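Student: Following this line is upload_14.cif, made up of mmCIF, C-alpha atoms:
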data_target
#
loop_
_atom_site.label_atom_id
_atom_site.label_comp_id
_atom_site.auth_asym_id
_atom_site.auth_seq_id
_atom_site.Cartn_x
_atom_site.Cartn_y
_atom_site.Cartn_z
CA ARG A 1 -23.03 3.62 -9.51
CA LYS A 2 -23.56 6.99 -11.20
CA PHE A 3 -20.26 8.21 -9.75
CA ILE A 4 -18.46 5.15 -11.15
CA GLU A 5 -20.01 5.66 -14.59
CA GLU A 6 -19.07 9.34 -14.66
CA PHE A 7 -15.51 8.62 -13.51
CA ASN A 8 -15.03 5.99 -16.19
CA ARG A 9 -16.38 8.39 -18.82
CA ILE A 10 -13.53 10.85 -18.14
CA LYS A 11 -10.91 8.33 -17.03
CA PRO A 12 -7.80 8.47 -19.24
CA GLN A 13 -6.36 5.40 -20.95
CA LEU A 14 -3.01 5.00 -19.22
CA SER A 15 -1.36 3.25 -22.15
CA LYS A 16 -2.02 6.28 -24.38
CA ILE A 17 -0.62 8.96 -22.07
CA PRO A 18 3.07 9.61 -21.31
CA VAL A 19 3.98 8.30 -17.86
CA ASP A 20 5.12 11.74 -16.70
CA GLU A 21 1.68 13.15 -17.55
CA VAL A 22 -0.05 10.40 -15.57
CA ARG A 23 2.16 11.22 -12.59
CA LYS A 24 1.39 14.94 -12.85
CA MET A 25 -2.35 14.23 -13.02
CA ASN A 26 -2.12 11.96 -9.99
CA ARG A 27 -0.16 14.55 -8.01
CA ALA A 28 -2.54 17.34 -8.99
CA SER A 29 -5.56 15.40 -7.78
CA SER A 30 -4.16 15.41 -4.24
CA LEU A 31 -3.86 19.21 -4.14
CA THR A 32 -7.59 19.62 -3.60
CA GLN A 33 -7.62 17.36 -0.54
CA PRO A 34 -7.50 18.85 2.97
CA ARG A 35 -4.25 18.34 4.88
CA ARG A 36 -4.59 17.73 8.60
CA GLN A 37 -2.22 19.67 10.81
CA ILE A 38 -0.08 17.36 12.92
CA HIS A 39 2.87 17.91 15.24
CA ASN A 40 5.79 17.49 12.85
CA VAL A 41 6.38 16.55 9.22
CA PHE A 42 9.85 16.28 7.70
CA ASP A 43 11.63 14.62 4.79
CA ILE A 44 14.54 12.21 5.09
CA SER A 45 16.79 10.25 2.73
CA ILE A 46 17.37 6.57 3.44
CA LEU A 47 20.59 5.07 2.12
CA GLY A 48 19.44 1.82 0.54
CA SER A 49 21.47 -0.99 -0.97
CA GLU A 50 20.84 0.26 -4.53
CA ALA A 51 19.61 3.84 -4.19
CA LYS A 52 18.95 6.77 -1.90
CA ILE A 53 15.29 6.49 -0.98
CA PRO A 54 13.32 9.66 -0.21
CA ALA A 55 10.77 9.35 2.58
CA ARG A 56 8.47 11.65 4.54
CA VAL A 57 8.01 11.28 8.28
CA TYR A 58 4.82 12.23 10.15
CA VAL A 59 5.00 12.58 13.95
CA PRO A 60 1.50 12.81 15.47
CA ARG A 61 2.32 14.74 18.65
CA GLU A 62 5.14 15.56 21.01
CA GLY A 63 6.77 12.49 22.51
CA LYS A 64 8.90 9.50 21.65
CA ASP A 65 8.77 5.69 21.45
CA PHE A 66 5.76 5.82 19.15
CA GLY A 67 4.72 2.90 17.03
CA VAL A 68 5.84 3.31 13.42
CA LEU A 69 3.87 2.52 10.28
CA VAL A 70 6.10 2.23 7.21
CA TYR A 71 3.68 3.04 4.39
CA PHE A 72 3.96 2.24 0.67
CA HIS A 73 1.74 4.20 -1.72
CA GLY A 74 -0.32 2.73 -4.52
CA GLY A 75 -0.12 3.49 -8.23
CA GLY A 76 0.62 0.25 -10.04
CA PHE A 77 4.38 0.58 -9.37
CA VAL A 78 4.30 3.36 -12.01
CA PHE A 79 2.94 6.50 -10.32
CA GLY A 80 2.23 7.85 -6.85
CA ASP A 81 4.66 9.52 -4.46
CA VAL A 82 4.92 10.96 -0.97
CA GLU A 83 3.39 14.24 -2.12
CA SER A 84 0.22 12.71 -3.55
CA TYR A 85 -0.15 10.58 -0.42
CA ASP A 86 0.55 13.41 2.01
CA PRO A 87 -3.14 13.96 2.93
CA LEU A 88 -3.73 10.25 3.65
CA CYS A 89 -0.53 9.81 5.66
CA ARG A 90 -1.42 12.78 7.85
CA GLU A 91 -4.77 11.18 8.59
CA LEU A 92 -3.13 7.82 9.34
CA ALA A 93 -0.61 9.36 11.75
CA ALA A 94 -3.42 11.03 13.68
CA ALA A 95 -5.75 8.01 13.65
CA CYS A 96 -3.07 5.51 14.65
CA ASP A 97 -1.32 7.88 17.09
CA CYS A 98 1.89 6.67 15.49
CA VAL A 99 4.75 7.87 13.35
CA VAL A 100 4.17 7.26 9.64
CA VAL A 101 7.15 6.88 7.32
CA SER A 102 5.92 7.29 3.73
CA VAL A 103 8.38 5.75 1.28
CA ASP A 104 9.13 7.12 -2.20
CA TYR A 105 10.33 3.85 -3.72
CA ARG A 106 11.65 3.78 -7.28
CA LEU A 107 9.01 3.58 -10.01
CA ALA A 108 8.62 1.72 -13.29
CA PRO A 109 9.23 1.75 -16.18
CA GLU A 110 12.49 3.56 -15.36
CA HIS A 111 13.17 1.04 -12.61
CA LYS A 112 11.96 -2.47 -13.29
CA PHE A 113 11.09 -5.22 -10.82
CA PRO A 114 12.42 -5.84 -8.22
CA ALA A 115 13.64 -2.23 -7.67
CA ALA A 116 10.51 -1.26 -5.71
CA VAL A 117 10.84 -4.37 -3.54
CA VAL A 118 14.48 -3.62 -2.79
CA ASP A 119 13.65 -0.05 -1.75
CA ALA A 120 10.70 -1.18 0.36
CA PHE A 121 12.76 -3.77 2.21
CA ASP A 122 15.69 -1.38 2.69
CA SER A 123 13.33 1.24 4.10
CA VAL A 124 11.86 -1.14 6.66
CA LYS A 125 15.32 -2.37 7.63
CA TRP A 126 16.43 1.23 8.14
CA VAL A 127 13.40 2.05 10.31
CA LEU A 128 14.01 -1.00 12.49
CA GLU A 129 17.62 0.12 12.97
CA HIS A 130 16.96 3.87 13.32
CA ALA A 131 13.46 4.08 14.83
CA SER A 132 14.58 6.43 17.59
CA GLU A 133 15.65 8.99 14.96
CA VAL A 134 12.00 9.37 13.95
CA ASN A 135 10.63 9.28 17.53
CA GLY A 136 9.71 5.61 17.15
CA ASP A 137 10.13 2.35 19.02
CA PRO A 138 11.85 -0.44 17.01
CA GLU A 139 9.71 -3.00 18.84
CA LYS A 140 6.57 -1.39 17.39
CA VAL A 141 7.06 -1.26 13.63
CA ALA A 142 4.31 -2.19 11.15
CA VAL A 143 4.15 -2.17 7.37
CA GLY A 144 1.21 -1.02 5.31
CA GLY A 145 0.15 0.06 1.88
CA ASP A 146 -2.60 0.08 -0.70
CA SER A 147 -2.84 -1.59 -4.12
CA ALA A 148 0.77 -1.90 -5.37
CA GLY A 149 1.84 -0.60 -1.97
CA GLY A 150 -0.15 -3.37 -0.32
CA ASN A 151 1.80 -5.79 -2.48
CA LEU A 152 5.08 -4.32 -1.24
CA ALA A 153 3.94 -4.46 2.38
CA ALA A 154 2.98 -8.13 2.07
CA VAL A 155 6.24 -8.99 0.31
CA VAL A 156 8.38 -7.11 2.83
CA ALA A 157 6.63 -8.86 5.73
CA ILE A 158 7.65 -12.20 4.18
CA MET A 159 11.20 -11.06 3.44
CA ALA A 160 11.65 -9.68 6.96
CA ARG A 161 10.71 -13.10 8.34
CA ASP A 162 12.91 -15.01 5.90
CA LYS A 163 15.92 -12.75 6.42
CA GLY A 164 15.49 -12.74 10.19
CA LEU A 165 15.10 -8.99 10.63
CA LYS A 166 14.97 -8.01 14.29
CA PRO A 167 12.91 -6.83 15.97
CA SER A 168 10.09 -8.65 14.19
CA LEU A 169 7.43 -6.61 12.49
CA LYS A 170 4.40 -5.97 14.66
CA TYR A 171 1.65 -5.85 12.03
CA GLN A 172 0.81 -5.63 8.32
CA VAL A 173 -2.02 -3.53 6.86
CA LEU A 174 -2.97 -4.38 3.27
CA VAL A 175 -5.62 -2.22 1.59
CA ASN A 176 -6.96 -3.45 -1.78
CA PRO A 177 -3.63 -5.27 -2.21
CA PHE A 178 -2.37 -6.87 -5.38
CA VAL A 179 -1.05 -10.25 -4.23
CA GLY A 180 -0.53 -12.14 -7.49
CA VAL A 181 -1.70 -12.85 -11.00
CA ASP A 182 -5.37 -13.89 -11.07
CA VAL A 183 -7.18 -14.93 -14.25
CA ALA A 184 -10.00 -17.09 -12.94
CA SER A 185 -11.71 -15.64 -9.85
CA TYR A 186 -15.21 -14.17 -9.89
CA SER A 187 -14.04 -10.63 -9.11
CA ILE A 188 -11.38 -10.57 -11.84
CA ARG A 189 -13.97 -11.73 -14.38
CA GLU A 190 -16.84 -9.49 -13.26
CA TYR A 191 -15.13 -6.23 -12.25
CA SER A 192 -12.12 -5.78 -14.54
CA THR A 193 -14.08 -3.53 -16.90
CA GLY A 194 -15.89 -0.36 -15.87
CA PHE A 195 -14.89 -0.22 -12.20
CA LEU A 196 -11.86 2.13 -12.23
CA LEU A 197 -9.11 -0.52 -12.24
CA ASP A 198 -9.49 -2.05 -15.69
CA LYS A 199 -7.79 -5.07 -17.25
CA ASP A 200 -6.03 -2.69 -19.64
CA ASP A 201 -4.66 -0.74 -16.67
CA MET A 202 -3.40 -3.89 -15.01
CA ASP A 203 -1.75 -5.03 -18.24
CA PHE A 204 -0.13 -1.61 -18.58
CA PHE A 205 1.24 -1.71 -15.03
CA ASN A 206 2.57 -5.25 -15.40
CA LYS A 207 4.30 -4.49 -18.70
CA ALA A 208 5.86 -1.36 -17.22
CA TYR A 209 7.05 -3.06 -14.03
CA LEU A 210 8.06 -6.61 -14.95
CA ARG A 211 11.20 -7.49 -16.87
CA ASN A 212 9.64 -10.61 -18.40
CA LEU A 213 6.75 -13.03 -17.95
CA THR A 214 8.78 -15.19 -15.57
CA ASP A 215 8.82 -12.35 -13.02
CA ALA A 216 5.07 -12.82 -12.57
CA LEU A 217 5.81 -16.14 -10.84
CA ASP A 218 8.35 -14.62 -8.46
CA PRO A 219 6.92 -14.51 -4.89
CA ARG A 220 8.33 -10.98 -4.60
CA PHE A 221 5.70 -10.02 -7.19
CA SER A 222 3.07 -12.65 -6.36
CA PRO A 223 3.31 -13.25 -2.62
CA ILE A 224 0.26 -15.51 -2.82
CA LEU A 225 2.64 -18.11 -4.36
CA VAL A 226 4.79 -18.32 -1.22
CA ASN A 227 4.96 -21.86 0.17
CA ASP A 228 5.04 -20.95 3.86
CA PHE A 229 2.75 -18.33 5.40
CA SER A 230 3.53 -19.15 9.03
CA ASN A 231 5.16 -16.77 11.51
CA LEU A 232 4.17 -13.65 9.61
CA PRO A 233 2.92 -10.54 11.43
CA PRO A 234 -0.81 -10.29 12.16
CA ALA A 235 -2.73 -8.77 9.27
CA LEU A 236 -5.60 -6.44 8.52
CA ILE A 237 -6.73 -6.85 4.90
CA VAL A 238 -9.26 -4.42 3.43
CA THR A 239 -11.09 -5.31 0.20
CA SER A 240 -13.72 -3.61 -1.97
CA GLU A 241 -16.84 -5.23 -3.43
CA TYR A 242 -16.26 -3.91 -6.96
CA ASP A 243 -12.52 -4.53 -7.17
CA PRO A 244 -11.01 -7.08 -9.56
CA LEU A 245 -8.33 -7.72 -6.91
CA ARG A 246 -10.93 -8.55 -4.23
CA ASP A 247 -11.01 -12.34 -4.42
CA SER A 248 -7.25 -12.87 -4.58
CA ALA A 249 -6.78 -10.57 -1.58
CA GLU A 250 -9.41 -12.49 0.39
CA THR A 251 -7.78 -15.78 -0.63
CA TYR A 252 -4.51 -14.38 0.69
CA ALA A 253 -6.24 -13.67 4.00
CA VAL A 254 -7.43 -17.28 4.16
CA LYS A 255 -3.90 -18.55 3.52
CA LEU A 256 -2.54 -16.40 6.34
CA SER A 257 -5.26 -17.53 8.71
CA GLU A 258 -4.81 -21.20 7.85
CA ALA A 259 -1.09 -20.82 8.63
CA GLY A 260 -1.94 -19.54 12.11
CA VAL A 261 -1.45 -15.83 11.43
CA PRO A 262 -4.08 -13.69 13.22
CA THR A 263 -5.89 -12.12 10.29
CA VAL A 264 -8.86 -9.78 9.97
CA VAL A 265 -10.36 -9.21 6.53
CA VAL A 266 -12.97 -6.50 6.03
CA ARG A 267 -14.86 -6.10 2.76
CA PHE A 268 -16.41 -2.69 2.03
CA ASN A 269 -19.52 -3.16 -0.08
CA GLY A 270 -20.61 -0.72 -2.76
CA VAL A 271 -17.14 0.71 -3.44
CA ILE A 272 -14.38 0.32 -6.01
CA HIS A 273 -10.62 -0.13 -5.94
CA GLY A 274 -8.93 2.96 -4.53
CA PHE A 275 -12.01 4.20 -2.66
CA TYR A 276 -9.89 5.17 0.37
CA ASN A 277 -8.56 8.17 -1.56
CA LEU A 278 -12.03 9.43 -2.47
CA PRO A 279 -14.01 12.06 -0.50
CA ILE A 280 -16.60 9.55 0.74
CA PRO A 281 -17.53 8.33 4.25
CA HIS A 282 -16.13 4.85 3.55
CA ALA A 283 -12.62 6.35 3.29
CA ARG A 284 -12.90 7.88 6.77
CA VAL A 285 -14.07 4.53 8.10
CA VAL A 286 -11.01 2.76 6.66
CA VAL A 287 -8.66 5.26 8.29
CA GLY A 288 -10.50 4.78 11.59
CA LEU A 289 -10.31 1.01 11.24
CA ILE A 290 -6.57 1.11 10.61
CA GLY A 291 -6.20 3.52 13.51
CA SER A 292 -7.99 1.33 16.05
CA THR A 293 -6.17 -1.76 14.77
CA LEU A 294 -2.69 -0.29 15.10
CA ARG A 295 -3.38 1.46 18.41
CA GLN A 296 -4.32 -1.95 19.74
CA ALA A 297 -1.23 -3.58 18.21
CA PHE A 298 1.19 -0.88 19.33
CA TYR A 299 -0.21 0.23 22.67
CA ASN A 300 -2.85 -2.35 23.59
CA LYS A 301 -5.53 0.32 23.55
CA TYR A 302 -8.27 1.40 21.16
#
Would you mind writing the file's structure down as structure tokens?
Tutor:
Amino acid sequence: RKFIEEFNRIKPQLSKIPVDEVRKMNRASSLTQPRRQIHNVFDISILGSEAKIPARVYVPREGKDFGVLVYFHGGGFVFGDVESYDPLCRELAAACDCVVVSVDYRLAPEHKFPAAVVDAFDSVKWVLEHASEVNGDPEKVAVGGDSAGGNLAAVVAIMARDKGLKPSLKYQVLVNPFVGVDVASYSIREYSTGFLLDKDDMDFFNKAYLRNLTDALDPRFSPILVNDFSNLPPALIVTSEYDPLRDSAETYAVKLSEAGVPTVVVRFNGVIHGFYNLPIPHARVVVGLIGSTLRQAFYNKY
């Protein structure tokens, strides 16, 4: 609790800082994190339907036909990039024993909704078609992400089903995901002030990303509004006790489960939104949980 109070004391008000400054601050914070050495790391450019999409590929060790996790970073659709998520993606590649493709999708406010969705979908489509080029197996492709990235992973999983992408996605990993507008749940009422992700922050992100209020009802922004949750890839959903997004994410897990989708939801008590990027034991546990989950999904081994 003392850590949360101290963080909020120095936390900047996003709406009062130029977006470029917020991005620089976010990138700088990652420079102090250790970076695990893994077999190979290289950058690629994916030719999407609307833009060239930068991405960074992490190969855990020598070999081929690895499972592939296509990962979307968090940051409210406004900040975050492959550089700031480099430490986490290295850890994920090692823990999952899989290739990680970290996607630098277009950001708001320069690129409004649904630009990020288009880039996310195009990236997954490319990986399914070109998995061998990154030492991967197209039959073993999962999507994952945190916060806004968790939103993109959930949306892409639905789009891949609806558009009939083949091979089908193997898994979806959603960490503290935003899954739709929530104004009534307990967590949104109790934890949207003083627990890192504030109501003001969420309003700022939404205004930067959405073109108009109607976009909030689009399932590509609010996947919780989708009518049919059946035949989606199995899901691991991670939530935090003190996260305003907690209850909607857990409701999303219930909807998946009720539709027959194998779903595991794990709530981490005593932590806030974004805890997986903090130097605390809980973050290591999340990486280990994702690792064991995807090793089981990809290789049938823990």
Student: For this structure, which residues satisfy the selection - the PyMOL selection byres ((chain A and resi 258-266) around 9) - when it is evaluated on the file as given? I want them as an MDAnalysis selection string.
Tutor: chainID A and resid 228:240 249:250 253:257 267:268
Student: Using all atoms listed in the file, which of A:Val100, A:Val271, A:Val118, A:Met25 sits nearest Asp243 in chain A?
Tutor: A:Val271
Student: If you apply the PyMOL selection byres ((chain A and resi 28-31) around 12) to this file, what residues do you get, as a ChimeraX atom specification?
Tutor: /A:21-27,32-35,80-89,277-279
Student: Which is closer to Gln172 in chain A than all the others in A:Arg90, A:Lys125, A:Lys140, A:Arg211, using all atoms listed in the file?
Tutor: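 Between A:Arg90, A:Lys125, A:Lys140, A:Arg211, the residue approaching Gln172 in chain A most closely is A:Lys140.
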Student: Applied to the shown file, which residues does the PyMOL selection byres ((chain A and resi 296) around 12) return, written as a ChimeraX atom specification?
Tutor: /A:67,95-98,140,170-171,234,289-295,297-302
Student: In Å, how far is it from CA of Ala51 in chain A to CA of Val175 in chain A?
Tutor: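 Interatomic distance here is 26.6 Å.
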Student: So which one's closest to Asn269 in chain A, A:Tyr242, A:Leu213, A:Gly288, A:Ile53? Using all atoms listed in the file, please.
Tutor: A:Tyr242
